[in-house]
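Undergrad: Quick one: structure below, then a few questions.
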4 protein chains.
Amino acid sequence: MSRTTRPLVISAPEPRTLELIFRPEAYERLTEKYDIHETRACALADLPDDVLGRARYIIGQPPIARETLARMKSLRCIFNVESNLLDNMPYEVLFQRGIHVVTTGLVFADPVAEMGLALALNLARGIVDADLDFREGRELWGGDGNRKARLLSGSEIGIIGFGDLGRALNRLLSGFRARIRVFDPWLPPSMLHEAGVEPASLETVLSSSDFIFVVAAVTSENEGFLDARAFASMRAGAAFILLSRAAVVDFDALMEAVRQGRIVAASDVFPQEPLPRNHPVRSLKGFLRSAHRAGALDVAFKRMGDMVLEDMDLLDRGLPPMRCKRAERETVTRMRSKPVDRN
Amino acid sequence: MSRTTRPLVISAPEPRTLELIFRPEAYERLTEKYDIHETRACALADLPDDVLGRARYIIGQPPIARETLARMKSLRCIFNVESNLLDNMPYEVLFQRGIHVVTTGLVFADPVAEMGLALALNLARGIVDADLDFREGRELWGGDGNRKARLLSGSEIGIIGFGDLGRALNRLLSGFRARIRVFDPWLPPSMLHEAGVEPASLETVLSSSDFIFVVAAVTSENEGFLDARAFASMRAGAAFILLSRAAVVDFDALMEAVRQGRIVAASDVFPQEPLPRNHPVRSLKGFLRSAHRAGALDVAFKRMGDMVLEDMDLLDRGLPPMRCKRAERETVTRMRSKPVDRN
Amino acid sequence: MSRTTRPLVISAPEPRTLELIFRPEAYERLTEKYDIHETRACALADLPDDVLGRARYIIGQPPIARETLARMKSLRCIFNVESNLLDNMPYEVLFQRGIHVVTTGLVFADPVAEMGLALALNLARGIVDADLDFREGRELWGGDGNRKARLLSGSEIGIIGFGDLGRALNRLLSGFRARIRVFDPWLPPSMLHEAGVEPASLETVLSSSDFIFVVAAVTSENEGFLDARAFASMRAGAAFILLSRAAVVDFDALMEAVRQGRIVAASDVFPQEPLPRNHPVRSLKGFLRSAHRAGALDVAFKRMGDMVLEDMDLLDRGLPPMRCKRAERETVTRMRSKPVDRN
Amino acid sequence: MSRTTRPLVISAPEPRTLELIFRPEAYERLTEKYDIHETRACALADLPDDVLGRARYIIGQPPIARETLARMKSLRCIFNVESNLLDNMPYEVLFQRGIHVVTTGLVFADPVAEMGLALALNLARGIVDADLDFREGRELWGGDGNRKARLLSGSEIGIIGFGDLGRALNRLLSGFRARIRVFDPWLPPSMLHEAGVEPASLETVLSSSDFIFVVAAVTSENEGFLDARAFASMRAGAAFILLSRAAVVDFDALMEAVRQGRIVAASDVFPQEPLPRNHPVRSLKGFLRSAHRAGALDVAFKRMGDMVLEDMDLLDRGLPPMRCKRAERETVTRMRSKPVDRN
C-alpha cells in the first residue's frame, strides 16, 4: 500500500505504550498497514487538521473535546487500551456518528481468573500458612493439618458479575463439578443458563455459597454494595475473593468480618493503591493479599495489540469491531472503575 | 433381613476406623445389611472358623496367612481402605479363587488434584512470597510484582502417571486450554488420546513442559527415576509439582535443581515423614512445601465408605465390583508406595 | 402498575402473531407490564400521536417512514420477530437516536442445527434409502449395506458462517471429536479459536472437509458464491448440507455436482419456495430434501416471546438489550435474506 | 527380533479375517513382532504341541476344549474379535490361570452411537417420510410440516445400559443440554453421576423420557424385559430406539405399541436376521428400520487390529491389557448376545 493511501492511526496509549501492547511482529504489521501518528494524550487538540481529519483510529483514551472531535471527519473507532471507560470524551456525539469506542480489558480475564482460582484454592487449603509453618518446623502432617481444609470440587460457588472475567472464571471452574450461581443484573437469566450457571439474586449468592468471587465493575449504582449486612449473610467460614475493584465493597466491614472469623477473604484490590504501610489488612489473619497483580502480566498486555489489529481489519473492511468490547450508550456514563496509572 | 442370614463382614481397617470412613447414614446402612465382626488386623488368624468361614468381605488390609485364607470359604472381596497394596497376603491364591482385592484410593484423586493445581498456580504467580511481602510492607504493585509471573492457560503441561489422580488433574485442567502431554507406560496410547491428552515419552514430557505434575505410584521399576538428568532436561524456569510419593524422585537432585534456580518446585511428599527439623528443603527458595496434606481430608475418607457399600451391593448380586480399583495379578507385586501410618 | 404509567408496546408482528410467539404465561406477563396497542404493519403511520409518542417498543417489523419515526419520541427498541432485517425503515436515524433494532433469529439456531446434524448423519449412513429398501424387502444386512457409510466422529467438518446457527451446530458437534474449520469473514480469527474451531479460508474449508454445513446469511456480497467451481474443489464424496438460504449457492451447479456423483447433498432451502412440482431436485439421487422445515417449530417461536420480555426488562431499567441480536450500522443494509411469508 | 524368539500368535478370527481387522501398516507391525500361525477355529485341537505350547495369544474365539487349553502353557490372552462372548471355552480355568479373555466390541460404540442419534433425530423430525413426500410433490412447507416435530435439545433422554455404547451415546449427546437418565443395574450409581448422567430405575427411565435408547447386552436375566407393560408406561409419542439386540424386547409388543400410535420406534436389530420378506415391521408406520448396519463399518473393524496390538504390547511387557474389554468371571456365563455370522 502506498504510504499516502494508508489509513492514519493516532497513537496516545498512555499509561500504556505501543511497545507494551504490541509484540514485535504485531507492531510490524501495524506499521505496514497504517501510518502512525504518535502524540501525548493531552496534545490531541494541537494536532493539525490534516492529521485529525485523516485519522481513522485512535489507540488510547485521551481526553477529546467536542471541537476536536468535530475536526476528526474520518474517525471510525477509539481503542481504549487502558480499558476503563473515562468521562473524558463526548460519548453521545460518538454514538450519534457511529464511531465505536472499544476496550481491550478482555486480555485481563484469563490472568485474573487464574489468580482468583489460586486465591480460592489457597483459602481452601491454607497453603501460605502451611508453607510458613513448614519453613519453621511446626508443620502439621496429613489430616492433622487439614482441620479447616475443604474442596472446591462439589462446592457451591457464587460469582458476582458475569462479564469477560466472570466467564473466564466459570470456564476455569468447569472441571470442578461445582454448583455455580451468578448474580448479574445487566444480563438476562437465559444467557446465564446457556453459560451453564444459575442466575440468582444477590441475597441467594451471598447466603448459599462456599466461595464467592467478586468480579463486578464499579458503576454509579453499586459502590459499596457489599457491606456489613452482606458479609453477615454469608455462610460461616465461606471464602470471599475480591478481584475487580475495592470500591464495590465496604472494605472496613470486610476486614471486620474476617477479624471476627466469620469468613475468610482474599483480595487483589485495595481502597488505596499503594496501600499505607500501616494499614490493618497487612496483618489480618484469615486474609490473603495480592498487590493488584492479578491482571498485569506482560502476556496480557501483548494480547491487546492483537485485538486492536483484528478489529482494525474488520473496520477497514466496513464491518463492525467484534473482538474488543464496545462501550454502550446506556452504560458508558455509569462506569466508575478508576483507571490505573501504572501498567 | 434376619441376623443369621445376613452376610458377614470382617472389619480391620486400621489405621483407618469405620467411623472415619463411613458417614453416619452409611454406617447405618452397613450395619443394616451386614453382620460386622470387628477385629485387630493382627488377630485375624485367631478368629473362630465359623466367623472366618462365613465372612463374605474384609474391610481392611490385614496380613493374611495362606492357611487363614484357606479357612475363609465364603470370601468374595477384600476392601483395602488404606489404599496402598501391601505384600501381606497370598495374592496368587486370591486371584485363583476369584476373590477380589480392591482399593479405595480414588477418594484422594479430587483433593490431591486440587492441591496440585493450587501448588502449580502458586508457583506460577508467587503467591506465598507476595503475601509475606505484603504483610511486611515491601510488596510490589501491578506489573512490578509480576516479573516472573505466568499463566497455566495456554501453557504446555506434562503429567507423569495417568491413574485416577492423573485423570482428576486432567479434568481440573479442562478449562485452561493447555496442551497436555502424558507419560504412562502402563496405558495404551489410544486411551490417552480418548482422554484428550497426548501420549508422550518421558523425555518429551520433561523437555517440553512448563508445568510437570508427578502422580505416578512407586513401583519396583521406577524408584528414583526422576533424577538429576531428568531435571537437567527440563525447561529453564519450569515448575515441578510432586504429588504421589517422594521415592519416585532423587530428592537431593530435585533440591539441587531448585537451588541452582533452574526450576521451581512444590511437593506434598518427602523422603521422610515427618521430616527432620533441620532438613534443607525447609529453607529452600523456589520450593513450596505441603506436609502430606493433599489427600487427607475428612470428606475424602467418608467417600471410602460409600464406595465400599456400592461395591458390596454389586458383589451381593453376583456381579463384579466396579467402583473400587481392583488389584491386578500382573502388577500387584510391583507396588512399592509406602502405606501411611496416620490418616 | 397503574395502567396510565405502564409503557406502551405497539404490536405488529405479522406474519407472526402474539399467540405464536408468546406462551400463555409469557403473554400474561407481557400484558401485566405493558399496554399493548395492536395494529396492522401497514397501518402504523395512521396511529394517533399519543400512541406513537408514548410507544416504547415495537414488536414486529413494519415499514416505518421517516416522518412516522419522528413522531415516536419514546421509542427504545424495535423487536423484529420475523428475524430477517428488511430495508423498510430509516436505520440511520434509528442508530443516531440510539433506538435498537433487534432480531430473535436465535430461536431457530437449535432446531436448524439439529436438522443439519440429522441431514449430515442421514447422508453419512444412507438412512432414507435403507429404510425404503427395507420396506420393499431388498435391504442389505450388516457390512453389505455399508459400502458408502462413514462416520462424523473423527471426520473433518467445515462450517461456512459462524453466527448463532454456526455456534449451535458447533455445540452439537462437540461430542464427535471432529476437526472443525470455519470460514466467516465477519469474525476475527481469535474468536473462532476461542470457540474451539479453526479459522480457515473458504478454499480450505471446501477442499478439506468431509462434511460442509452452510449457515451463512445472504448478504449483498455473497449471493451465489458457492458455485460450480466451489463444488469442483470439494473432496470426492463429501457431503454438502445447506441450511441458511438457497441464494448463497448456484443451485443448478449444486444439483449438477450431485448428479455427477461427485458429492452428496441435503438442503432445507430452495430457490423457490414452494418449489415447482416438476423441479429436477425432487428426483435427484444423492440429494436429501427438507421443505424449509428446519427451524419452524412451535417451541422455537415460543422462545421469541421469552427473549423479547427479557430484553424489555433490561431496556426498562435503562440497560442495553443483551438477549436479542442487534442490527449493526455497518451491516444492516447488506442483508439480503428473504423474509418468510408463512411461519 | 530373531524368528525363534518371537512370541507366537494363533490366528483363528472367523468370521472376521486378519485382513478385515488390520490396516496394512498394523498387519505389518503384527507380523514384525510376532510369529503368526493361522488356523481354522475348528482345527485348534489338531495343532501340534510345539505350536500350542508356544502360543502367547489367540486372535479369535474358537471353541477350546479343556485338554487343548491344558496344552497351551504360554497362553496369556485370547482376543475375541467377534466381540460377543460364547460359551465355547472353559472360562473358569482361564480365570484361574490368569489368562485374559478380551473383546474388541468397543470399536462399534462410535458407529452405533452415531446411528442411534441419527435414528432419534429422524424420528423427531420425520425426515424419511418428508423426503418421500418431497420426491412426490406432496411435501408440506415450514411449520405446516412440523406438527409432530420436536427437539432432542432440552429433552429428557433415557439410556438403558451404560457400557461402551451407552457412554459413546452420552458423549454424542453432550452438546444437546438434555437431561439424561440411565438404567444399568451392573454399575454403581456414583459412576453414573461421574459420567454426568442420572442413575434411575427402569420404571423412571421408561415413564420420564422423550427418547429411550436401548443399548443393553442380552444376558440370562434380561431377555424380553422390555415388554408390553414397559411400552405402556412410556410417554405418549415418545421415541424408542433399539440398538443392541432384539432379544431384550418383546418385539411383537413393540410393534403393537407403534401400531397403536402410542410411541414411535426405530431399530437396527430384529428377531431374525435376515428378516422374512413378509414380516409386518416392513410396512409399519412410525417404525424406522435399519438392517443391522449400525456398527459394521470398515473403519470400525480396522480399529480392532489397533486395539489388539496395543494390548499385546502391554501383555508382552508383563502388564495387564487395558484397551480391550475383559471378560469377567462373574458375568461371562450370563452373556446371551448372539454372535454375527457375517461381518
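A note on labels: chains of the C-alpha cells are A, B, ... as shown, every chain counts residues from 1, and ligands are counted from 1 in their shown order.
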Would you kindly return, as a PDB file with all heavy atoms, in the first residue's frame, each protein, DNA or RNA residue with an atom no farther than 9 Å from any atom of Thr204 of chain D, considering only C-alpha atoms and excluding same-chain residues fewer than 4 positions away?

TA:
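Below you can see around-v8.pdb, which holds the result:
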```pdb
ATOM      1  N   GLY D 158     -33.554 -41.234  28.005  1.00  0.00           N
ATOM      2  CA  GLY D 158     -33.226 -42.400  28.801  1.00  0.00           C
ATOM      3  C   GLY D 158     -32.275 -43.303  28.047  1.00  0.00           C
ATOM      4  O   GLY D 158     -32.429 -43.501  26.840  1.00  0.00           O
ATOM      5  N   ARG D 181     -31.089 -39.774  31.854  1.00  0.00           N
ATOM      6  CA  ARG D 181     -31.189 -40.762  32.929  1.00  0.00           C
ATOM      7  C   ARG D 181     -30.729 -42.114  32.401  1.00  0.00           C
ATOM      8  O   ARG D 181     -30.993 -42.458  31.245  1.00  0.00           O
ATOM      9  CB  ARG D 181     -32.642 -40.896  33.401  1.00  0.00           C
ATOM     10  CG  ARG D 181     -33.208 -39.664  34.061  1.00  0.00           C
ATOM     11  CD  ARG D 181     -34.597 -39.988  34.620  1.00  0.00           C
ATOM     12  NE  ARG D 181     -35.256 -38.807  35.144  1.00  0.00           N
ATOM     13  CZ  ARG D 181     -35.962 -37.943  34.417  1.00  0.00           C
ATOM     14  NH1 ARG D 181     -36.094 -38.121  33.118  1.00  0.00           N
ATOM     15  NH2 ARG D 181     -36.527 -36.902  34.986  1.00  0.00           N
ATOM     16  N   PHE D 183     -30.410 -46.345  33.196  1.00  0.00           N
ATOM     17  CA  PHE D 183     -30.654 -47.552  33.976  1.00  0.00           C
ATOM     18  C   PHE D 183     -29.588 -48.571  33.618  1.00  0.00           C
ATOM     19  O   PHE D 183     -29.477 -48.976  32.452  1.00  0.00           O
ATOM     20  CB  PHE D 183     -32.051 -48.118  33.673  1.00  0.00           C
ATOM     21  CG  PHE D 183     -32.266 -49.489  34.270  1.00  0.00           C
ATOM     22  CD1 PHE D 183     -32.323 -49.644  35.652  1.00  0.00           C
ATOM     23  CD2 PHE D 183     -32.411 -50.607  33.461  1.00  0.00           C
ATOM     24  CE1 PHE D 183     -32.513 -50.912  36.210  1.00  0.00           C
ATOM     25  CE2 PHE D 183     -32.606 -51.871  34.011  1.00  0.00           C
ATOM     26  CZ  PHE D 183     -32.663 -52.018  35.392  1.00  0.00           C
ATOM     27  N   ALA D 200     -31.101 -44.112  37.395  1.00  0.00           N
ATOM     28  CA  ALA D 200     -32.549 -44.169  37.569  1.00  0.00           C
ATOM     29  C   ALA D 200     -33.005 -45.610  37.460  1.00  0.00           C
ATOM     30  O   ALA D 200     -32.316 -46.462  36.896  1.00  0.00           O
ATOM     31  CB  ALA D 200     -33.253 -43.315  36.520  1.00  0.00           C
ATOM     32  N   SER D 208     -40.343 -41.394  32.045  1.00  0.00           N
ATOM     33  CA  SER D 208     -39.936 -39.985  32.090  1.00  0.00           C
ATOM     34  C   SER D 208     -39.072 -39.557  30.915  1.00  0.00           C
ATOM     35  O   SER D 208     -38.383 -38.545  31.001  1.00  0.00           O
ATOM     36  CB  SER D 208     -39.168 -39.705  33.386  1.00  0.00           C
ATOM     37  OG  SER D 208     -39.880 -40.140  34.511  1.00  0.00           O
ATOM     38  N   SER D 209     -39.076 -40.320  29.848  1.00  0.00           N
ATOM     39  CA  SER D 209     -38.184 -39.997  28.741  1.00  0.00           C
ATOM     40  C   SER D 209     -38.952 -39.633  27.479  1.00  0.00           C
ATOM     41  O   SER D 209     -39.984 -40.235  27.182  1.00  0.00           O
ATOM     42  CB  SER D 209     -37.264 -41.187  28.431  1.00  0.00           C
ATOM     43  OG  SER D 209     -36.469 -41.515  29.544  1.00  0.00           O
TER      44      SER D 209
END
```

Undergrad: Would you pick out the contacts of Glu223 of chain C at 10 Å or less, using only C-alpha atoms, so that residues sharing its chain but fewer than 6 positions from it are not included, and give the list as an NGL selection string?

TA: :C and (217 or 245-250 or 336-337)

Undergrad: So that I can see what lies close to Phe79 of chain A, please list as a ChimeraX atom specification the residues with an atom at most 10 Å from it, counting only C-alpha atoms and leaving out residues fewer than 4 positions away in the same chain.

TA: /A:11-13,57-61,83,100-104,304,307-308,311-312,324-326

Undergrad: Hey, can you spit out that residue selection with N, CA, C and O atoms as a PDB file, in the first residue's frame?

TA:
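Output below, filename out_12.pdb:
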```pdb
ATOM      1  N   SER A  11      -1.780   7.573  17.841  1.00  0.00           N
ATOM      2  CA  SER A  11      -1.384   6.733  18.975  1.00  0.00           C
ATOM      3  C   SER A  11      -1.137   7.602  20.198  1.00  0.00           C
ATOM      4  O   SER A  11      -0.259   8.464  20.197  1.00  0.00           O
ATOM      5  N   ALA A  12      -1.934   7.362  21.249  1.00  0.00           N
ATOM      6  CA  ALA A  12      -1.766   8.100  22.514  1.00  0.00           C
ATOM      7  C   ALA A  12      -2.171   7.177  23.654  1.00  0.00           C
ATOM      8  O   ALA A  12      -3.114   7.440  24.391  1.00  0.00           O
ATOM      9  N   PRO A  13      -1.478   6.053  23.783  1.00  0.00           N
ATOM     10  CA  PRO A  13      -1.974   4.993  24.662  1.00  0.00           C
ATOM     11  C   PRO A  13      -1.636   5.152  26.141  1.00  0.00           C
ATOM     12  O   PRO A  13      -1.977   4.270  26.927  1.00  0.00           O
ATOM     13  N   TYR A  57      -8.378   5.816  13.226  1.00  0.00           N
ATOM     14  CA  TYR A  57      -8.422   5.188  14.542  1.00  0.00           C
ATOM     15  C   TYR A  57      -7.615   5.990  15.551  1.00  0.00           C
ATOM     16  O   TYR A  57      -6.641   6.660  15.195  1.00  0.00           O
ATOM     17  N   ILE A  58      -8.011   5.897  16.803  1.00  0.00           N
ATOM     18  CA  ILE A  58      -7.169   6.357  17.902  1.00  0.00           C
ATOM     19  C   ILE A  58      -6.838   5.142  18.762  1.00  0.00           C
ATOM     20  O   ILE A  58      -7.744   4.392  19.144  1.00  0.00           O
ATOM     21  N   ILE A  59      -5.552   4.927  19.015  1.00  0.00           N
ATOM     22  CA  ILE A  59      -5.172   3.933  20.024  1.00  0.00           C
ATOM     23  C   ILE A  59      -4.862   4.707  21.291  1.00  0.00           C
ATOM     24  O   ILE A  59      -3.884   5.455  21.357  1.00  0.00           O
ATOM     25  N   GLY A  60      -5.710   4.571  22.276  1.00  0.00           N
ATOM     26  CA  GLY A  60      -5.546   5.316  23.515  1.00  0.00           C
ATOM     27  C   GLY A  60      -6.880   5.848  23.996  1.00  0.00           C
ATOM     28  O   GLY A  60      -7.918   5.615  23.374  1.00  0.00           O
ATOM     29  N   GLN A  61      -6.821   6.565  25.100  1.00  0.00           N
ATOM     30  CA  GLN A  61      -8.026   7.083  25.717  1.00  0.00           C
ATOM     31  C   GLN A  61      -7.814   8.529  26.135  1.00  0.00           C
ATOM     32  O   GLN A  61      -8.042   8.901  27.278  1.00  0.00           O
ATOM     33  N   SER A  83      -8.484   0.467  29.353  1.00  0.00           N
ATOM     34  CA  SER A  83      -9.602  -0.485  29.428  1.00  0.00           C
ATOM     35  C   SER A  83     -10.690  -0.123  30.418  1.00  0.00           C
ATOM     36  O   SER A  83     -11.723  -0.783  30.465  1.00  0.00           O
ATOM     37  N   HIS A 100     -17.114   3.916  16.997  1.00  0.00           N
ATOM     38  CA  HIS A 100     -17.041   2.956  18.102  1.00  0.00           C
ATOM     39  C   HIS A 100     -16.003   3.378  19.132  1.00  0.00           C
ATOM     40  O   HIS A 100     -14.947   3.919  18.778  1.00  0.00           O
ATOM     41  N   VAL A 101     -16.327   3.147  20.383  1.00  0.00           N
ATOM     42  CA  VAL A 101     -15.330   3.230  21.452  1.00  0.00           C
ATOM     43  C   VAL A 101     -15.248   1.825  22.039  1.00  0.00           C
ATOM     44  O   VAL A 101     -16.266   1.276  22.482  1.00  0.00           O
ATOM     45  N   VAL A 102     -14.064   1.260  21.972  1.00  0.00           N
ATOM     46  CA  VAL A 102     -13.935  -0.129  22.410  1.00  0.00           C
ATOM     47  C   VAL A 102     -12.803  -0.248  23.408  1.00  0.00           C
ATOM     48  O   VAL A 102     -11.876   0.567  23.429  1.00  0.00           O
ATOM     49  N   THR A 103     -12.898  -1.278  24.240  1.00  0.00           N
ATOM     50  CA  THR A 103     -11.873  -1.502  25.259  1.00  0.00           C
ATOM     51  C   THR A 103     -11.278  -2.896  25.108  1.00  0.00           C
ATOM     52  O   THR A 103     -11.905  -3.802  24.539  1.00  0.00           O
ATOM     53  N   THR A 104     -10.088  -3.052  25.659  1.00  0.00           N
ATOM     54  CA  THR A 104      -9.345  -4.307  25.483  1.00  0.00           C
ATOM     55  C   THR A 104      -9.189  -5.059  26.807  1.00  0.00           C
ATOM     56  O   THR A 104      -8.266  -5.858  26.971  1.00  0.00           O
ATOM     57  N   MET A 304      -3.364  -7.215  23.788  1.00  0.00           N
ATOM     58  CA  MET A 304      -4.116  -6.012  23.400  1.00  0.00           C
ATOM     59  C   MET A 304      -3.853  -5.632  21.951  1.00  0.00           C
ATOM     60  O   MET A 304      -4.764  -5.324  21.194  1.00  0.00           O
ATOM     61  N   MET A 307      -5.664  -7.792  19.557  1.00  0.00           N
ATOM     62  CA  MET A 307      -7.095  -7.464  19.489  1.00  0.00           C
ATOM     63  C   MET A 307      -7.333  -6.215  18.644  1.00  0.00           C
ATOM     64  O   MET A 307      -8.252  -6.157  17.831  1.00  0.00           O
ATOM     65  N   VAL A 308      -6.502  -5.215  18.860  1.00  0.00           N
ATOM     66  CA  VAL A 308      -6.644  -3.963  18.106  1.00  0.00           C
ATOM     67  C   VAL A 308      -6.493  -4.240  16.613  1.00  0.00           C
ATOM     68  O   VAL A 308      -7.299  -3.781  15.793  1.00  0.00           O
ATOM     69  N   ASP A 311      -9.580  -6.025  15.097  1.00  0.00           N
ATOM     70  CA  ASP A 311     -10.748  -5.170  14.882  1.00  0.00           C
ATOM     71  C   ASP A 311     -10.498  -4.102  13.827  1.00  0.00           C
ATOM     72  O   ASP A 311     -11.403  -3.730  13.078  1.00  0.00           O
ATOM     73  N   MET A 312      -9.291  -3.578  13.754  1.00  0.00           N
ATOM     74  CA  MET A 312      -8.982  -2.643  12.658  1.00  0.00           C
ATOM     75  C   MET A 312      -9.209  -3.318  11.315  1.00  0.00           C
ATOM     76  O   MET A 312      -9.714  -2.708  10.379  1.00  0.00           O
ATOM     77  N   CYS A 324     -12.838  -6.441  20.391  1.00  0.00           N
ATOM     78  CA  CYS A 324     -12.808  -5.618  21.595  1.00  0.00           C
ATOM     79  C   CYS A 324     -14.245  -5.430  22.084  1.00  0.00           C
ATOM     80  O   CYS A 324     -15.207  -5.738  21.399  1.00  0.00           O
ATOM     81  N   LYS A 325     -14.368  -4.910  23.279  1.00  0.00           N
ATOM     82  CA  LYS A 325     -15.693  -4.718  23.869  1.00  0.00           C
ATOM     83  C   LYS A 325     -16.152  -3.285  23.604  1.00  0.00           C
ATOM     84  O   LYS A 325     -15.417  -2.334  23.874  1.00  0.00           O
ATOM     85  N   ARG A 326     -17.362  -3.170  23.096  1.00  0.00           N
ATOM     86  CA  ARG A 326     -17.823  -1.830  22.756  1.00  0.00           C
ATOM     87  C   ARG A 326     -18.446  -1.133  23.957  1.00  0.00           C
ATOM     88  O   ARG A 326     -19.192  -1.744  24.726  1.00  0.00           O
TER      89      ARG A 326
END
```

Undergrad: Which residue, B:Ser244, B:Asn122, B:Ser155, B:Asn88, has the smallest gap to chain A when you use only C-alpha atoms?

TA: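 Checking each of B:Ser244, B:Asn122, B:Ser155, B:Asn88 against chain A, counting only C-alpha atoms, the winner is B:Asn122.
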
Undergrad: Could you list, with a cut-off of 9 Å and counting only C-alpha atoms, the residues of chain C near chain A, each shown with its nearest atom pair and the distance in Å rounded to one decimal, rows sorted by chain and ascending number, as JSON lines?

TA:
```
{"residue": "C:Phe95", "atom": "CA", "partner": "A:Gln96", "partner_atom": "CA", "distance": 7.0}
{"residue": "C:Gln96", "atom": "CA", "partner": "A:Gln96", "partner_atom": "CA", "distance": 4.4}
{"residue": "C:Arg97", "atom": "CA", "partner": "A:Gln96", "partner_atom": "CA", "distance": 6.8}
{"residue": "C:Gly98", "atom": "CA", "partner": "A:Arg329", "partner_atom": "CA", "distance": 7.4}
{"residue": "C:Pro185", "atom": "CA", "partner": "A:Leu314", "partner_atom": "CA", "distance": 8.5}
{"residue": "C:Trp186", "atom": "CA", "partner": "A:Leu319", "partner_atom": "CA", "distance": 6.9}
{"residue": "C:Leu187", "atom": "CA", "partner": "A:Met322", "partner_atom": "CA", "distance": 6.6}
{"residue": "C:Pro188", "atom": "CA", "partner": "A:Glu310", "partner_atom": "CA", "distance": 5.7}
{"residue": "C:Pro189", "atom": "CA", "partner": "A:Glu310", "partner_atom": "CA", "distance": 7.8}
{"residue": "C:Ser190", "atom": "CA", "partner": "A:Arg323", "partner_atom": "CA", "distance": 8.0}
{"residue": "C:Met191", "atom": "CA", "partner": "A:Arg323", "partner_atom": "CA", "distance": 7.1}
{"residue": "C:Asp306", "atom": "CA", "partner": "A:Ser190", "partner_atom": "CA", "distance": 8.9}
{"residue": "C:Met307", "atom": "CA", "partner": "A:Ser190", "partner_atom": "CA", "distance": 8.3}
{"residue": "C:Glu310", "atom": "CA", "partner": "A:Pro188", "partner_atom": "CA", "distance": 5.7}
{"residue": "C:Asp311", "atom": "CA", "partner": "A:Pro188", "partner_atom": "CA", "distance": 7.1}
{"residue": "C:Asp313", "atom": "CA", "partner": "A:Pro188", "partner_atom": "CA", "distance": 8.3}
{"residue": "C:Leu314", "atom": "CA", "partner": "A:Trp186", "partner_atom": "CA", "distance": 6.9}
{"residue": "C:Gly318", "atom": "CA", "partner": "A:Glu330", "partner_atom": "CA", "distance": 6.3}
{"residue": "C:Leu319", "atom": "CA", "partner": "A:Glu330", "partner_atom": "CA", "distance": 5.6}
{"residue": "C:Pro320", "atom": "CA", "partner": "A:Glu330", "partner_atom": "CA", "distance": 6.0}
{"residue": "C:Pro321", "atom": "CA", "partner": "A:Leu187", "partner_atom": "CA", "distance": 8.6}
{"residue": "C:Met322", "atom": "CA", "partner": "A:Leu187", "partner_atom": "CA", "distance": 6.6}
{"residue": "C:Arg323", "atom": "CA", "partner": "A:Pro188", "partner_atom": "CA", "distance": 6.5}
{"residue": "C:Glu328", "atom": "CA", "partner": "A:Pro320", "partner_atom": "CA", "distance": 7.2}
{"residue": "C:Arg329", "atom": "CA", "partner": "A:Gly98", "partner_atom": "CA", "distance": 7.5}
{"residue": "C:Glu330", "atom": "CA", "partner": "A:Leu319", "partner_atom": "CA", "distance": 5.6}
{"residue": "C:Thr331", "atom": "CA", "partner": "A:Leu319", "partner_atom": "CA", "distance": 6.7}
```

Undergrad: From the list C:Ser267, C:Asn84, C:Gln260, C:Asn170, which residue is nearest Asp110 of chain C when using only C-alpha atoms?

TA: C:Asn170

Undergrad: Could you please determine the separation between atom CA of Glu32 of chain C and atom CA of Leu8 of chain C in Å, to one decimal place?

TA: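 We find that atom CA of Glu32 of chain C and atom CA of Leu8 of chain C lie 11.4 Å from each other.
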
Undergrad: Here is a test: counting only C-alpha atoms, which residue of D:Pro274, D:Gly161, D:Gly196, D:Gly237 is nearest to Asn222 of chain D?

TA: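 Checking each candidate against Asn222 of chain D, we get D:Gly161 as the closest.
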